[in-house]
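See below for the structure under consideration.
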Amino acid sequence: GDPLLRVECDAGTVSATALFPFGLNLPLVRQPKSNLWEGRFLVPTGFPDGRHAVRILLRDSSGATLTETKHFILDGQAPVIQPEPSGSAQAGALLQLKVRTDSDVVVLTARLAEGAPVPLRWDPATRSCIGAVRVPEELTGRQELLFEAVDGAKNRGFARGTVEVRK
C-alpha cells in the first residue's frame, strides 16, 4: 500500500509540506484536534530501499517558515525466514521451534498442519526466535509447518518446514 508520513508540529503551524528526494511535493493535512500532520504518498518504481531524507517545510500563523530534515526508511522486501530443521515430534507433546529472520520483523508465527498460529519470540541467548506448538494427539506422519513474518513496513514473508510426527 501507500506509506503514510506523520509529522508532529507546533500548535501555531498553519501548513506543512514534505519534499521527497524523488521530486514529490506533498502538502500534509492536519488531523482534527491535534498537532499531527499526515500525508500518503507513493514511491516511484525503482527507487532504492534504505534510509532517505525528506525536507519538511513549515509555516506558522505569523508567516514565518522553517525547514527541517527528517528521514524515512523505505523497505519493499519481504522478511526472510530460516527455520531450523524440526526433525521429529511425539503426538501430544510440545514441539520446540527455532527460527532466524530479519532484524526488523515485528510479528513471527508458526502453524503446524491446520492448527492455530503460535507466536515466536526473540531469544537473546540463542540469537533466534523460539516458541513451541502442541502437536495434536491425532496427527501422525509427515506434517507441514508454516512460518509467517511481518516487518515494520508490513511486508510479509513465508517459509515452510516439515516435521515427522510419531505416536
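Here's how to read the names in the C-alpha cells: chain A, B, ... by the order shown, residue numbers from 1 in each chain, ligand numbers from 1 in the order shown.
For Ala149 in chain A, the set of protein, DNA and RNA residues having any atom at most 6 Å away, when counting only C-alpha atoms and skipping those fewer than 6 positions along the same chain, is Val107, Leu108, Arg156 and Gly157 of chain A.
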Write the residues you've just listed into a file as a PDB file, in the first residue's frame, and include N, CA, C and O atoms for each of them.
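Below you can see selection_2.pdb, which holds the result:
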```pdb
ATOM      1  N   VAL A 107       6.350  -9.312  13.958  1.00  0.00           N
ATOM      2  CA  VAL A 107       5.454 -10.430  14.272  1.00  0.00           C
ATOM      3  C   VAL A 107       5.967 -11.663  13.541  1.00  0.00           C
ATOM      4  O   VAL A 107       6.231 -11.608  12.343  1.00  0.00           O
ATOM      5  N   LEU A 108       6.109 -12.758  14.282  1.00  0.00           N
ATOM      6  CA  LEU A 108       6.541 -14.023  13.696  1.00  0.00           C
ATOM      7  C   LEU A 108       5.698 -15.131  14.298  1.00  0.00           C
ATOM      8  O   LEU A 108       5.594 -15.237  15.523  1.00  0.00           O
ATOM      9  N   ARG A 156       5.246  -9.037   4.216  1.00  0.00           N
ATOM     10  CA  ARG A 156       5.031 -10.379   4.744  1.00  0.00           C
ATOM     11  C   ARG A 156       5.956 -11.365   4.045  1.00  0.00           C
ATOM     12  O   ARG A 156       6.103 -11.331   2.834  1.00  0.00           O
ATOM     13  N   GLY A 157       6.552 -12.241   4.866  1.00  0.00           N
ATOM     14  CA  GLY A 157       7.384 -13.310   4.338  1.00  0.00           C
ATOM     15  C   GLY A 157       6.892 -14.645   4.864  1.00  0.00           C
ATOM     16  O   GLY A 157       6.311 -14.720   5.953  1.00  0.00           O
TER      17      GLY A 157
END
```
DSSP strand (DSSP E or B) selection over range 72-154 of chain A, as a count of residues only:
48
Coordinates-based distance that separates CA of Arg142 in chain A from CA of Ile81 in chain A (Å, one decimal)
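Going from CA of Ile81 in chain A over to CA of Arg142 in chain A covers 20.8 Å.
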Looking at A:Arg51, A:Val7, A:Pro21, A:Ser61, which one is nearest to Trp37 in chain A, with distances taken over only C-alpha atoms?
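The shortest atom-to-atom distance to Trp37 in chain A comes from A:Val7.
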Within 9 Å of Pro85 in chain A using only C-alpha atoms, minus same-chain residues under 3 positions, as a PyMOL selection string
chain A and resi 97-98+161-163
Using only all heavy atoms, please write the residues we just selected to a file, as an mmCIF file, in the first residue's frame.
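The file below, result.cif, is the result:
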```
data_model
loop_
_atom_site.group_PDB
_atom_site.id
_atom_site.type_symbol
_atom_site.label_atom_id
_atom_site.label_comp_id
_atom_site.auth_asym_id
_atom_site.auth_seq_id
_atom_site.Cartn_x
_atom_site.Cartn_y
_atom_site.Cartn_z
ATOM 1 N N LEU A 97 10.400 -24.903 18.474
ATOM 2 C CA LEU A 97 10.752 -24.328 17.179
ATOM 3 C C LEU A 97 11.808 -23.253 17.359
ATOM 4 O O LEU A 97 11.791 -22.510 18.349
ATOM 5 C CB LEU A 97 9.517 -23.721 16.517
ATOM 6 C CG LEU A 97 8.360 -24.683 16.275
ATOM 7 C CD1 LEU A 97 7.127 -23.923 15.829
ATOM 8 C CD2 LEU A 97 8.758 -25.738 15.253
ATOM 9 N N LYS A 98 12.695 -23.159 16.387
ATOM 10 C CA LYS A 98 13.760 -22.167 16.415
ATOM 11 C C LYS A 98 13.923 -21.624 14.993
ATOM 12 O O LYS A 98 14.065 -22.395 14.047
ATOM 13 C CB LYS A 98 15.056 -22.816 16.898
ATOM 14 C CG LYS A 98 16.189 -21.863 17.126
ATOM 15 C CD LYS A 98 17.353 -22.646 17.755
ATOM 16 C CE LYS A 98 18.583 -21.818 17.889
ATOM 17 N NZ LYS A 98 19.716 -22.604 18.393
ATOM 18 N N GLY A 161 8.303 -25.736 6.495
ATOM 19 C CA GLY A 161 9.145 -26.796 7.021
ATOM 20 C C GLY A 161 8.280 -28.029 7.219
ATOM 21 O O GLY A 161 7.056 -27.974 7.051
ATOM 22 N N THR A 162 8.912 -29.111 7.565
ATOM 23 C CA THR A 162 8.151 -30.329 7.849
ATOM 24 C C THR A 162 8.663 -30.948 9.138
ATOM 25 O O THR A 162 9.801 -30.720 9.564
ATOM 26 C CB THR A 162 8.269 -31.360 6.712
ATOM 27 O OG1 THR A 162 9.637 -31.671 6.519
ATOM 28 C CG2 THR A 162 7.646 -30.839 5.430
ATOM 29 N N VAL A 163 7.800 -31.759 9.730
ATOM 30 C CA VAL A 163 8.146 -32.493 10.929
ATOM 31 C C VAL A 163 7.484 -33.872 10.808
ATOM 32 O O VAL A 163 6.353 -33.976 10.334
ATOM 33 C CB VAL A 163 7.723 -31.747 12.222
ATOM 34 C CG1 VAL A 163 6.228 -31.554 12.272
ATOM 35 C CG2 VAL A 163 8.220 -32.447 13.446
#
```
I'd like the neighbourhood of Thr109 in chain A as a list in words, where a residue qualifies if any of its atoms comes within 6 Å (using only C-alpha atoms), though same-chain residues fewer than 3 positions away should be ignored.
Pro117, Val118, Pro119, Leu120, Phe147 and Glu148 of chain A
